[in-house]
>>> print(open('work.txt').read())   # compact mmCIF, C-alpha atoms
# COMPACT_ATOMS: atom_id res chain seq x y z
CA MET A 1 15.27 216.14 235.54
CA GLN A 2 12.35 217.62 237.46
CA THR A 3 13.11 218.81 240.98
CA ASP A 4 10.68 218.05 243.78
CA ARG A 5 8.69 221.03 244.96
CA ILE A 6 9.31 221.36 248.70
CA ILE A 7 7.96 223.90 251.17
CA ALA A 8 8.98 224.11 254.80
CA PHE A 9 7.15 224.97 257.99
CA VAL A 10 9.48 225.91 260.84
CA MET A 11 7.92 225.60 264.28
CA ALA A 12 9.21 228.78 265.93
CA GLY A 13 6.59 229.41 268.58
CA GLY A 14 8.51 227.86 271.47
CA GLN A 15 7.91 229.53 274.82
CA GLY A 16 11.25 228.34 276.22
CA SER A 17 10.23 228.37 279.88
CA ARG A 18 13.41 226.52 280.93
CA LEU A 19 15.51 229.31 279.39
CA GLN A 20 14.12 231.98 281.67
CA PRO A 21 15.05 234.80 282.10
CA LEU A 22 16.47 234.84 278.54
CA THR A 23 12.93 234.17 277.27
CA THR A 24 11.15 236.75 279.42
CA THR A 25 10.65 239.08 276.46
CA ARG A 26 11.46 236.82 273.49
CA SER A 27 10.67 233.33 272.22
CA LYS A 28 13.22 230.54 272.45
CA PRO A 29 14.18 230.60 268.72
CA SER A 30 14.96 234.32 269.05
CA VAL A 31 17.49 233.88 271.87
CA PRO A 32 20.98 235.03 270.75
CA PHE A 33 23.67 232.39 270.28
CA GLY A 34 27.40 232.77 269.78
CA ALA A 35 28.91 236.11 268.81
CA ARG A 36 26.31 237.08 266.17
CA TYR A 37 23.55 234.50 265.69
CA ARG A 38 20.08 233.63 266.94
CA ILE A 39 19.00 230.03 267.62
CA VAL A 40 16.56 230.17 264.68
CA ASP A 41 19.40 230.94 262.26
CA PHE A 42 20.60 227.34 262.36
CA VAL A 43 17.47 225.65 261.02
CA LEU A 44 16.93 228.45 258.48
CA SER A 45 20.52 228.15 257.26
CA ASN A 46 20.17 224.38 256.95
CA LEU A 47 17.05 224.77 254.81
CA VAL A 48 18.52 227.48 252.56
CA ASN A 49 21.82 225.61 252.15
CA SER A 50 19.76 222.54 251.20
CA GLN A 51 18.03 224.56 248.45
CA ILE A 52 14.70 224.57 250.31
CA GLN A 53 13.80 228.23 250.11
CA THR A 54 10.03 228.42 250.46
CA ILE A 55 9.91 228.76 254.23
CA TYR A 56 7.08 229.68 256.57
CA LEU A 57 8.10 230.49 260.14
CA LEU A 58 5.18 229.72 262.47
CA VAL A 59 5.42 231.98 265.52
CA GLN A 60 3.34 232.40 268.64
CA TYR A 61 4.80 233.46 272.01
CA LYS A 62 6.59 236.82 272.39
CA SER A 63 7.31 236.92 268.67
CA GLN A 64 8.22 240.57 268.04
CA SER A 65 11.97 240.11 268.53
CA LEU A 66 11.92 237.16 266.12
CA ILE A 67 9.83 239.05 263.58
CA GLU A 68 12.30 241.94 263.62
CA HIS A 69 15.25 239.59 263.23
CA VAL A 70 13.69 237.83 260.23
CA ARG A 71 12.79 241.16 258.65
CA LYS A 72 16.39 242.40 258.92
CA ALA A 73 18.29 239.18 258.31
CA TRP A 74 16.28 236.84 256.09
CA THR A 75 15.29 238.62 252.89
CA ILE A 76 16.38 236.01 250.34
CA SER A 77 15.28 237.40 246.97
CA PRO A 78 12.38 239.79 246.37
CA LEU A 79 12.58 238.95 242.64
CA LEU A 80 11.86 235.21 242.96
CA GLN A 81 8.41 234.42 244.29
CA SER A 82 9.32 230.94 245.56
CA GLN A 83 12.32 232.09 247.62
CA PHE A 84 11.38 233.64 250.95
CA VAL A 85 11.33 233.30 254.70
CA THR A 86 8.10 234.76 256.01
CA VAL A 87 6.60 234.90 259.49
CA VAL A 88 3.12 233.46 260.04
CA PRO A 89 1.35 234.12 263.37
CA PRO A 90 -1.78 232.15 264.35
CA GLN A 91 -4.38 232.95 261.67
CA MET A 92 -7.42 231.62 263.58
CA MET A 93 -9.04 230.74 260.27
CA SER A 94 -11.12 227.91 261.75
CA GLY A 95 -11.60 229.17 265.30
CA THR A 96 -10.46 231.62 267.92
CA HIS A 97 -7.63 229.60 269.45
CA TRP A 98 -3.88 229.97 269.10
CA PHE A 99 -1.75 227.06 267.90
CA GLN A 100 -2.66 224.14 270.12
CA GLY A 101 0.21 221.90 269.01
CA THR A 102 2.56 221.24 266.11
CA ALA A 103 -0.07 219.59 263.90
CA ASP A 104 -2.64 222.26 264.67
CA ALA A 105 -0.10 224.96 263.73
CA VAL A 106 0.37 223.45 260.27
CA ASN A 107 -3.35 222.68 259.92
CA GLN A 108 -4.23 226.32 260.57
CA ASN A 109 -2.06 227.09 257.54
CA ILE A 110 -3.15 224.24 255.29
CA ALA A 111 -4.20 226.82 252.67
CA LEU A 112 -0.49 227.57 252.12
CA ILE A 113 0.08 223.93 251.15
CA GLU A 114 -2.89 224.08 248.80
CA GLU A 115 -1.54 227.29 247.27
CA HIS A 116 1.96 225.97 246.54
CA ARG A 117 0.94 222.37 245.66
CA PRO A 118 4.29 220.90 246.76
CA ASP A 119 5.37 217.30 246.42
CA LEU A 120 6.91 217.26 249.89
CA VAL A 121 6.48 219.30 253.06
CA ALA A 122 9.31 219.68 255.58
CA VAL A 123 8.22 220.37 259.16
CA PHE A 124 11.23 221.30 261.30
CA GLY A 125 11.81 222.68 264.77
CA ALA A 126 13.69 225.91 265.49
CA ASP A 127 15.22 225.12 268.87
CA HIS A 128 18.51 223.35 268.20
CA ILE A 129 22.12 224.07 267.23
CA TYR A 130 23.26 221.86 264.35
CA ARG A 131 24.17 221.56 260.68
CA MET A 132 22.16 219.25 258.42
CA ASP A 133 21.94 218.66 254.68
CA ILE A 134 18.19 218.12 254.44
CA ARG A 135 18.46 217.01 250.81
CA GLN A 136 20.14 213.82 252.02
CA MET A 137 17.08 213.16 254.17
CA VAL A 138 14.85 213.86 251.15
CA ASP A 139 16.86 211.37 249.05
CA PHE A 140 16.43 208.77 251.81
CA HIS A 141 12.68 209.50 251.88
CA LYS A 142 12.30 209.04 248.13
CA ALA A 143 14.51 205.94 247.89
CA ARG A 144 12.25 204.11 250.34
CA ASN A 145 8.99 205.40 248.90
CA SER A 146 8.28 206.74 252.35
CA ASP A 147 5.12 208.62 253.29
CA VAL A 148 6.73 210.23 256.35
CA THR A 149 10.40 210.34 257.28
CA ILE A 150 11.55 211.37 260.76
CA ALA A 151 15.08 212.55 261.51
CA ALA A 152 16.51 210.40 264.29
CA LEU A 153 19.59 210.94 266.43
CA PRO A 154 21.45 207.91 267.80
CA VAL A 155 21.84 208.33 271.57
CA PRO A 156 23.31 206.02 274.21
CA LEU A 157 20.69 203.53 275.41
CA ALA A 158 21.26 204.60 279.01
CA GLU A 159 20.20 208.17 278.11
CA ALA A 160 17.34 207.32 275.76
CA SER A 161 14.66 207.39 278.45
CA SER A 162 14.82 211.19 278.32
CA PHE A 163 13.72 211.24 274.66
CA GLY A 164 10.95 210.15 272.36
CA VAL A 165 12.40 206.89 271.03
CA ILE A 166 11.79 205.37 267.60
CA ALA A 167 11.83 201.59 267.20
CA ALA A 168 12.86 200.73 263.62
CA ASP A 169 14.10 197.76 261.60
CA GLU A 170 17.43 197.53 259.77
CA GLU A 171 16.16 199.51 256.76
CA GLY A 172 14.79 202.25 259.00
CA ARG A 173 11.10 201.32 258.77
CA ILE A 174 9.43 202.45 261.97
CA ASN A 175 7.64 199.82 264.07
CA ALA A 176 6.70 201.84 267.14
CA PHE A 177 7.03 205.15 268.99
CA GLU A 178 8.07 205.13 272.63
CA GLU A 179 7.65 208.33 274.66
CA LYS A 180 10.43 208.49 277.27
CA PRO A 181 10.37 204.71 277.79
CA ALA A 182 11.80 202.99 280.84
CA ASN A 183 13.21 200.26 278.57
CA PRO A 184 13.92 201.86 275.18
CA SER A 185 14.31 199.74 272.06
CA PRO A 186 17.94 199.58 270.88
CA LEU A 187 19.13 200.24 267.35
CA PRO A 188 19.21 197.21 265.07
CA GLY A 189 22.75 195.89 265.20
CA ASP A 190 23.81 198.13 268.11
CA PRO A 191 22.33 197.23 271.50
CA THR A 192 24.10 200.18 273.16
CA MET A 193 22.27 202.90 271.19
CA ALA A 194 18.70 204.02 270.48
CA PHE A 195 17.01 206.34 267.97
CA ALA A 196 15.77 209.61 269.50
CA SER A 197 13.33 211.64 267.44
CA MET A 198 14.70 215.07 266.49
CA GLY A 199 11.22 216.43 265.76
CA ASN A 200 12.13 217.08 262.10
CA TYR A 201 9.82 215.55 259.49
CA ILE A 202 9.50 215.12 255.73
CA PHE A 203 5.90 214.42 254.62
CA ASP A 204 4.39 213.45 251.32
CA ALA A 205 2.16 216.49 250.84
CA LYS A 206 -1.03 214.56 250.06
CA VAL A 207 -0.50 212.25 253.02
CA LEU A 208 0.05 215.23 255.29
CA MET A 209 -3.07 217.07 254.18
CA GLN A 210 -5.28 214.04 254.66
CA ALA A 211 -3.71 213.33 258.05
CA LEU A 212 -4.32 216.91 259.18
CA LYS A 213 -7.99 216.70 258.23
CA GLU A 214 -8.37 213.47 260.20
CA CYS A 215 -6.48 214.99 263.13
CA GLU A 216 -8.80 218.01 263.20
CA ALA A 217 -11.91 215.82 263.00
CA ALA A 218 -10.65 213.80 265.98
CA GLY A 219 -9.88 216.93 268.02
CA GLU A 220 -6.15 216.14 268.02
CA SER A 221 -3.32 218.64 267.69
CA ASP A 222 0.21 217.17 267.83
CA PHE A 223 2.41 215.32 265.34
CA GLY A 224 4.33 213.25 267.87
CA GLN A 225 1.39 212.29 270.07
CA HIS A 226 -1.41 211.97 267.52
CA VAL A 227 -0.66 212.20 263.80
CA LEU A 228 2.38 209.92 263.53
CA PRO A 229 1.07 207.06 265.71
CA ARG A 230 -2.14 207.10 263.63
CA LEU A 231 -0.21 207.01 260.33
CA LEU A 232 1.98 204.17 261.57
CA ASN A 233 -0.96 201.80 261.16
CA THR A 234 -1.68 202.70 257.55
CA HIS A 235 1.41 204.24 255.91
CA ARG A 236 5.14 203.79 255.38
CA LEU A 237 7.12 205.67 258.05
CA PHE A 238 10.92 205.64 258.15
CA ALA A 239 13.61 206.94 260.50
CA TYR A 240 16.47 208.83 258.87
CA ASP A 241 19.74 208.29 260.74
CA PHE A 242 21.16 211.78 261.34
CA ALA A 243 24.57 210.18 262.03
CA THR A 244 24.85 209.41 258.29
CA ASN A 245 24.42 213.06 257.28
CA VAL A 246 27.57 214.47 255.69
CA ILE A 247 28.25 218.21 255.69
CA PRO A 248 30.94 219.59 253.36
CA GLY A 249 33.73 221.59 254.93
CA VAL A 250 33.56 220.01 258.40
CA HIS A 251 37.03 219.79 259.96
CA PRO A 252 38.48 216.55 261.34
CA TYR A 253 38.62 218.03 264.85
CA GLU A 254 34.90 218.82 264.98
CA THR A 255 32.26 216.54 266.48
CA PRO A 256 31.26 214.61 263.33
CA VAL A 257 27.50 214.83 263.91
CA TYR A 258 26.83 217.86 266.06
CA TRP A 259 23.35 218.47 267.51
CA ARG A 260 22.59 220.25 270.76
CA ASP A 261 19.32 220.94 272.52
CA VAL A 262 19.80 224.32 274.21
CA GLY A 263 16.54 224.22 276.11
CA SER A 264 17.96 225.00 279.56
CA ILE A 265 20.36 227.67 280.81
CA ASP A 266 23.05 225.11 281.58
CA ALA A 267 22.72 223.38 278.19
CA TYR A 268 22.76 226.76 276.46
CA PHE A 269 25.88 227.83 278.37
CA ASP A 270 27.66 224.52 277.69
CA ALA A 271 26.90 224.71 273.95
CA HIS A 272 28.81 227.99 273.81
CA LYS A 273 31.92 226.17 275.01
CA ASP A 274 31.68 224.08 271.84
CA VAL A 275 32.30 227.10 269.58
CA LEU A 276 35.39 228.29 271.45
CA GLY A 277 39.00 227.24 271.03
CA ALA A 278 41.43 226.74 268.17
CA GLU A 279 39.74 223.44 267.30
CA PRO A 280 36.12 223.84 268.44
CA ALA A 281 33.67 220.95 268.54
CA PHE A 282 31.40 223.08 266.33
CA ASP A 283 33.40 225.45 264.15
CA MET A 284 31.23 228.37 263.07
CA PHE A 285 33.58 229.08 260.15
CA ASN A 286 32.53 226.82 257.29
CA PRO A 287 32.31 228.59 253.91
CA GLU A 288 30.86 225.43 252.36
CA TRP A 289 27.91 225.40 254.77
CA PRO A 290 27.58 228.89 256.28
CA ILE A 291 25.28 229.87 259.11
CA PHE A 292 23.56 233.05 257.97
CA SER A 293 22.36 235.85 260.22
CA SER A 294 21.84 239.61 260.25
CA SER A 295 23.95 241.78 257.96
CA TYR A 296 24.97 244.24 260.65
CA GLN A 297 26.37 247.42 259.13
CA GLY A 298 28.37 248.72 262.09
CA PRO A 299 32.17 248.88 262.42
CA VAL A 300 34.52 246.06 263.33
CA ALA A 301 35.62 245.31 266.90
CA ARG A 302 38.20 247.63 268.46
CA VAL A 303 40.77 246.37 270.97
CA LEU A 304 42.55 249.22 272.70
CA GLY A 305 44.49 246.95 275.02
CA GLY A 306 44.08 244.23 277.58
CA GLU A 307 44.53 240.47 277.59
CA LEU A 308 42.22 238.19 275.61
CA ARG A 309 42.36 234.40 275.71
CA ASN A 310 40.00 232.08 273.85
CA THR A 311 37.42 234.83 273.34
CA LEU A 312 35.07 235.74 270.48
CA LEU A 313 34.26 239.38 269.76
CA GLY A 314 31.17 240.64 267.97
CA ALA A 315 31.12 243.63 265.63
CA ALA A 316 31.66 247.11 267.10
CA THR A 317 32.82 245.68 270.43
CA MET A 318 35.28 247.92 272.29
CA ILE A 319 37.84 246.43 274.68
CA HIS A 320 39.74 248.94 276.85
CA ASP A 321 43.29 248.68 278.16
CA GLY A 322 43.75 246.53 281.23
CA ALA A 323 40.71 244.30 280.63
CA ARG A 324 41.22 240.54 280.93
CA LEU A 325 38.86 238.21 279.07
CA THR A 326 39.08 234.41 279.20
CA ASN A 327 36.84 231.76 277.59
CA SER A 328 34.17 234.34 276.84
CA ILE A 329 31.85 235.46 274.06
CA ILE A 330 31.21 239.19 273.62
CA ARG A 331 28.41 240.17 271.24
CA ARG A 332 28.10 243.34 269.19
CA GLU A 333 28.38 246.94 270.42
CA THR A 334 29.49 245.85 273.88
CA VAL A 335 31.98 247.95 275.82
CA ILE A 336 34.43 246.37 278.26
CA GLU A 337 36.06 249.11 280.31
CA GLU A 338 39.46 249.24 282.02
CA ASP A 339 40.45 246.61 284.59
CA VAL A 340 37.40 244.40 283.92
CA VAL A 341 37.92 240.64 284.39
CA LEU A 342 35.61 238.19 282.63
CA GLU A 343 35.99 234.42 283.02
CA ASP A 344 33.68 232.01 281.17
CA CYS A 345 31.07 234.64 280.36
CA ILE A 346 28.53 235.40 277.63
CA ILE A 347 27.99 239.14 277.27
CA MET A 348 25.18 239.99 274.87
CA ASP A 349 24.64 243.01 272.63
CA TYR A 350 24.66 246.65 273.81
CA VAL A 351 26.12 245.95 277.26
CA ARG A 352 28.62 248.15 279.09
CA VAL A 353 30.77 246.44 281.73
CA CYS A 354 32.23 249.25 283.78
CA ARG A 355 35.70 249.69 285.23
CA GLY A 356 36.92 247.10 287.71
CA ALA A 357 33.96 244.71 287.46
CA ARG A 358 34.60 240.99 287.95
CA LEU A 359 32.32 238.35 286.34
CA ARG A 360 32.67 234.57 286.32
CA ASN A 361 30.25 232.02 284.81
CA VAL A 362 27.79 234.79 283.96
CA ILE A 363 25.37 235.45 281.11
CA VAL A 364 24.51 239.15 280.73
CA ASP A 365 21.50 239.76 278.49
CA ARG A 366 21.16 242.81 276.25
CA HIS A 367 20.95 246.48 277.21
CA ASN A 368 22.62 246.26 280.60
CA VAL A 369 25.18 248.29 282.51
CA ILE A 370 27.31 246.32 284.95
CA GLU A 371 28.37 248.92 287.47
CA ALA A 372 32.00 249.74 288.30
CA GLY A 373 33.54 247.30 290.75
CA ASP A 374 30.57 244.90 290.70
CA ARG A 375 31.18 241.21 291.52
CA ILE A 376 28.91 238.62 289.89
CA GLY A 377 29.34 234.87 289.82
CA PHE A 378 31.41 234.48 292.98
CA ASP A 379 28.71 234.20 295.67
CA PRO A 380 25.58 232.25 294.58
CA VAL A 381 23.61 233.32 297.65
CA LYS A 382 24.15 237.02 296.95
CA ASP A 383 23.62 236.51 293.22
CA GLN A 384 20.24 234.86 293.83
CA GLN A 385 19.07 237.99 295.60
CA ARG A 386 19.55 240.02 292.41
CA PHE A 387 19.58 237.61 289.50
CA HIS A 388 18.68 234.12 288.31
CA VAL A 389 21.15 231.33 289.16
CA SER A 390 20.79 228.03 287.27
CA ALA A 391 21.05 224.56 288.76
CA GLY A 392 24.57 224.35 287.35
CA GLY A 393 25.64 227.62 288.96
CA ILE A 394 25.36 229.97 285.97
CA THR A 395 24.26 233.49 286.93
CA VAL A 396 21.98 235.22 284.42
CA VAL A 397 21.50 238.99 284.39
CA PRO A 398 18.14 239.55 282.64
CA MET A 399 17.62 242.01 279.80
CA GLY A 400 17.85 245.66 280.78
CA ARG A 401 14.83 247.91 280.60
CA VAL A 402 16.29 250.75 278.56
CA SER A 403 17.57 250.35 275.00
CA TYR A 404 20.55 252.55 274.19
CA PHE A 405 23.92 252.48 272.50
CA ALA A 406 26.41 251.03 274.98
CA ARG A 407 29.21 252.81 273.12
CA ASP A 408 27.65 256.19 273.90
CA THR A 409 29.74 257.20 276.91
CA ARG A 410 26.94 259.38 278.23
CA GLY A 411 24.86 256.27 278.83
CA THR A 412 21.83 257.65 277.07
CA GLY A 413 22.17 257.72 273.30
CA ARG A 414 19.44 257.20 270.75
CA GLY A 415 17.15 254.39 271.86
CA GLY A 416 14.74 252.28 269.89
CA TYR A 417 16.43 248.93 269.38
CA SER A 418 13.72 246.45 268.49
CA GLU A 419 15.75 243.59 267.04
>>> encode(input="work.txt", output="structure tokens")
Amino acid sequence: MQTDRIIAFVMAGGQGSRLQPLTTTRSKPSVPFGARYRIVDFVLSNLVNSQIQTIYLLVQYKSQSLIEHVRKAWTISPLLQSQFVTVVPPQMMSGTHWFQGTADAVNQNIALIEEHRPDLVAVFGADHIYRMDIRQMVDFHKARNSDVTIAALPVPLAEASSFGVIAADEEGRINAFEEKPANPSPLPGDPTMAFASMGNYIFDAKVLMQALKECEAAGESDFGQHVLPRLLNTHRLFAYDFATNVIPGVHPYETPVYWRDVGSIDAYFDAHKDVLGAEPAFDMFNPEWPIFSSSYQGPVARVLGGELRNTLLGAATMIHDGARLTNSIIRRETVIEEDVVLEDCIIMDYVRVCRGARLRNVIVDRHNVIEAGDRIGFDPVKDQQRFHVSAGGITVVPMGRVSYFARDTRGTGRGGYSE
């Protein structure tokens, strides 16, 4: 039985302005997540686990961190020409402009579609935390002889006005697109829910190429605003219900269909709560559907003493005696000195938290030293004078200026971290 040829374009150029200051020097897909991942790792893992392994990552804003991560973490197989994750910046083949929108980004790389001659093209975003078997969406697409299939997330009708809503019939055939409607169309058979577009698409390759040519001729640039509404009048478009997607190895205690937009500091912070606990809403340990990331070659974490409750430790972390950590995530090569107290914190890579510091509801970005006895997260007015404080009261310490090994007690070490 012949297998469909599928290539994927991952839209990884997101500026992530609502995630400032975490996106001051990196794009949104490159922002770290959990104890060892980046946001982009989730969509890439979903594609690879779904046996879609011809993947072009379209980058734009502040892309160097993402490029370095892909170089170190996402070499699939140098021996097989059709299995790769490769970064594609704006090529400016037909002009001097950067990517002007999602459709323009793919159109600027239409030669890659012509080169591979796929049957189907997957166009997915890189900004969300989720697991998805994309092959199930492909099977849905083929069973309905669809020209374009859009992944859709059922959301409560009362919340649907914040999303792009898809109006569809009982078989999933799309009738209309509604952009943040005041009165969203409910799901067929469930008046309390609506379909929100996830921004993930499966296209028939020939349909896509023709649509991109028409889009360029009309001076248009975006899938959601231009290409899809135009195709709705002439082609078969279907909504794939993400709630029907089944992932092997998911535990009964997990949220059955987990998908989180981490586009703001508060949403990003809250999503980390979902990976903590004995029975997390999103359990990162699933051997049947792993989330892949960098193959860091450093040592394991070292706990010299202290009290740890509901806390994740990255590789080469060092926890000193007398430290107390609660509901926190500590990423790799971070040092927590004596008598430090962390409550509900995310401490990123290569950070040293010095003796006696107290942090609560704080995100500390990479390459920082939190000075001995410092207090962060207890007085929003004082915190705002030094750091960023989100609407939900999360204090964010931006990335430090100097790259060095936090575990070097001299505080200097060999610099040069680029990933």
>>> residues_around(input="work.txt", residues="Leu153 (chain A)", least_positions_apart="2", cutoff="7 Å", atoms="only C-alpha atoms", output="list in words")
Ala151, Val155, Phe195, Ala196, Ser197, Met198, Asp241, Phe242 and Ala243 of chain A
>>> residues_near_point(input="work.txt", point="(16.7, 210.0, 256.4)", cutoff="10 Å", atoms="all atoms listed in the file", output="compact mmCIF listing (two decimals) with C-alpha atoms, in the frame of the given file")
# COMPACT_ATOMS: atom_id res chain seq x y z
CA ILE A 134 18.19 218.12 254.44
CA ARG A 135 18.46 217.01 250.81
CA GLN A 136 20.14 213.82 252.02
CA MET A 137 17.08 213.16 254.17
CA VAL A 138 14.85 213.86 251.15
CA ASP A 139 16.86 211.37 249.05
CA PHE A 140 16.43 208.77 251.81
CA HIS A 141 12.68 209.50 251.88
CA LYS A 142 12.30 209.04 248.13
CA ALA A 143 14.51 205.94 247.89
CA ARG A 144 12.25 204.11 250.34
CA SER A 146 8.28 206.74 252.35
CA VAL A 148 6.73 210.23 256.35
CA THR A 149 10.40 210.34 257.28
CA ILE A 150 11.55 211.37 260.76
CA ALA A 151 15.08 212.55 261.51
CA ALA A 152 16.51 210.40 264.29
CA GLY A 172 14.79 202.25 259.00
CA TYR A 201 9.82 215.55 259.49
CA ILE A 202 9.50 215.12 255.73
CA PHE A 238 10.92 205.64 258.15
CA ALA A 239 13.61 206.94 260.50
CA TYR A 240 16.47 208.83 258.87
CA ASP A 241 19.74 208.29 260.74
CA PHE A 242 21.16 211.78 261.34
CA ALA A 243 24.57 210.18 262.03
CA THR A 244 24.85 209.41 258.29
CA ASN A 245 24.42 213.06 257.28
>>> atom_distance(input="work.txt", atom1="CA of Arg324 (chain A)", atom2="CA of Val340 (chain A)")
6.2 Å
>>> atom_distance(input="work.txt", atom1="CA of Glu337 (chain A)", atom2="CA of Arg355 (chain A)")
5.0 Å
>>> residues_around(input="work.txt", residues="region 3-11 of chain A", least_positions_apart="5", cutoff="7 Å", atoms="only C-alpha atoms", output="PDB file with C-alpha atoms, keeping the file's coordinate frame")
ATOM      1  CA  ILE A  52      14.700 224.570 250.310  1.00  0.00           C
ATOM      2  CA  THR A  54      10.030 228.420 250.460  1.00  0.00           C
ATOM      3  CA  ILE A  55       9.910 228.760 254.230  1.00  0.00           C
ATOM      4  CA  TYR A  56       7.080 229.680 256.570  1.00  0.00           C
ATOM      5  CA  LEU A  57       8.100 230.490 260.140  1.00  0.00           C
ATOM      6  CA  LEU A  58       5.180 229.720 262.470  1.00  0.00           C
ATOM      7  CA  VAL A  59       5.420 231.980 265.520  1.00  0.00           C
ATOM      8  CA  PRO A 118       4.290 220.900 246.760  1.00  0.00           C
ATOM      9  CA  ASP A 119       5.370 217.300 246.420  1.00  0.00           C
ATOM     10  CA  LEU A 120       6.910 217.260 249.890  1.00  0.00           C
ATOM     11  CA  VAL A 121       6.480 219.300 253.060  1.00  0.00           C
ATOM     12  CA  ALA A 122       9.310 219.680 255.580  1.00  0.00           C
ATOM     13  CA  VAL A 123       8.220 220.370 259.160  1.00  0.00           C
ATOM     14  CA  PHE A 124      11.230 221.300 261.300  1.00  0.00           C
ATOM     15  CA  GLY A 125      11.810 222.680 264.770  1.00  0.00           C
ATOM     16  CA  ALA A 126      13.690 225.910 265.490  1.00  0.00           C
TER      17      ALA A 126
END
>>> residues_around(input="work.txt", residues="Trp259 (chain A)", least_positions_apart="3", cutoff="8 Å", atoms="only C-alpha atoms", output="PDB file with C-alpha atoms, keeping the file's coordinate frame")
ATOM      1  CA  HIS A 128      18.510 223.350 268.200  1.00  0.00           C
ATOM      2  CA  ILE A 129      22.120 224.070 267.230  1.00  0.00           C
ATOM      3  CA  TYR A 130      23.260 221.860 264.350  1.00  0.00           C
ATOM      4  CA  ARG A 131      24.170 221.560 260.680  1.00  0.00           C
TER       5      ARG A 131
END
>>> closest_residue(input="work.txt", among="A:Asn286, A:Ser82, A:Ser295, A:Asn107", to="Asn49 (chain A)", atoms="all atoms listed in the file")
A:Asn286
>>> atom_distance(input="work.txt", atom1="CA of Val48 (chain A)", atom2="CA of Arg71 (chain A)")
16.0 Å
>>> closest_residue(input="work.txt", among="A:Ala372, A:Cys354, A:Val262, A:Leu47", to="Asn200 (chain A)", atoms="all atoms listed in the file")
A:Leu47
>>> closest_residue(input="work.txt", among="A:His251, A:Lys180, A:Arg309, A:Arg375", to="Gly277 (chain A)", atoms="only C-alpha atoms")
A:Arg309
>>> residues_around(input="work.txt", residues="Ser185 (chain A)", least_positions_apart="2", cutoff="12 Å", atoms="all atoms listed in the file", output="PDB file with C-alpha atoms, keeping the file's coordinate frame")
ATOM      1  CA  PRO A 154      21.450 207.910 267.800  1.00  0.00           C
ATOM      2  CA  VAL A 155      21.840 208.330 271.570  1.00  0.00           C
ATOM      3  CA  PRO A 156      23.310 206.020 274.210  1.00  0.00           C
ATOM      4  CA  LEU A 157      20.690 203.530 275.410  1.00  0.00           C
ATOM      5  CA  ALA A 158      21.260 204.600 279.010  1.00  0.00           C
ATOM      6  CA  GLU A 159      20.200 208.170 278.110  1.00  0.00           C
ATOM      7  CA  ALA A 160      17.340 207.320 275.760  1.00  0.00           C
ATOM      8  CA  SER A 161      14.660 207.390 278.450  1.00  0.00           C
ATOM      9  CA  PHE A 163      13.720 211.240 274.660  1.00  0.00           C
ATOM     10  CA  GLY A 164      10.950 210.150 272.360  1.00  0.00           C
ATOM     11  CA  VAL A 165      12.400 206.890 271.030  1.00  0.00           C
ATOM     12  CA  ILE A 166      11.790 205.370 267.600  1.00  0.00           C
ATOM     13  CA  ALA A 167      11.830 201.590 267.200  1.00  0.00           C
ATOM     14  CA  ALA A 168      12.860 200.730 263.620  1.00  0.00           C
ATOM     15  CA  ASP A 169      14.100 197.760 261.600  1.00  0.00           C
ATOM     16  CA  ILE A 174       9.430 202.450 261.970  1.00  0.00           C
ATOM     17  CA  ASN A 175       7.640 199.820 264.070  1.00  0.00           C
ATOM     18  CA  ALA A 176       6.700 201.840 267.140  1.00  0.00           C
ATOM     19  CA  PHE A 177       7.030 205.150 268.990  1.00  0.00           C
ATOM     20  CA  GLU A 178       8.070 205.130 272.630  1.00  0.00           C
ATOM     21  CA  GLU A 179       7.650 208.330 274.660  1.00  0.00           C
ATOM     22  CA  LYS A 180      10.430 208.490 277.270  1.00  0.00           C
ATOM     23  CA  PRO A 181      10.370 204.710 277.790  1.00  0.00           C
ATOM     24  CA  ALA A 182      11.800 202.990 280.840  1.00  0.00           C
ATOM     25  CA  ASN A 183      13.210 200.260 278.570  1.00  0.00           C
ATOM     26  CA  LEU A 187      19.130 200.240 267.350  1.00  0.00           C
ATOM     27  CA  PRO A 188      19.210 197.210 265.070  1.00  0.00           C
ATOM     28  CA  GLY A 189      22.750 195.890 265.200  1.00  0.00           C
ATOM     29  CA  ASP A 190      23.810 198.130 268.110  1.00  0.00           C
ATOM     30  CA  PRO A 191      22.330 197.230 271.500  1.00  0.00           C
ATOM     31  CA  THR A 192      24.100 200.180 273.160  1.00  0.00           C
ATOM     32  CA  MET A 193      22.270 202.900 271.190  1.00  0.00           C
ATOM     33  CA  ALA A 194      18.700 204.020 270.480  1.00  0.00           C
ATOM     34  CA  PHE A 195      17.010 206.340 267.970  1.00  0.00           C
ATOM     35  CA  ALA A 196      15.770 209.610 269.500  1.00  0.00           C
TER      36      ALA A 196
END
>>> residues_around(input="work.txt", residues="Gly356 (chain A)", least_positions_apart="3", cutoff="10 Å", atoms="all atoms listed in the file", output="list in words")
Gly322, Ala323, Ile336, Glu337, Glu338, Asp339, Val340, Val341, Val353, Leu359, Glu371, Ala372, Gly373, Asp374 and Arg375 of chain A
>>> closest_residue(input="work.txt", among="A:Gln81, A:Thr326, A:Ser162, A:Gly13", to="Pro184 (chain A)", atoms="all atoms listed in the file")
A:Ser162
>>> closest_residue(input="work.txt", among="A:Pro256, A:Pro380, A:Gly392, A:Gly101", to="Gly219 (chain A)", atoms="only C-alpha atoms")
A:Gly101
>>> closest_residue(input="work.txt", among="A:Leu237, A:Ile363, A:Ile291, A:Cys215", to="Ala105 (chain A)", atoms="all atoms listed in the file")
A:Cys215
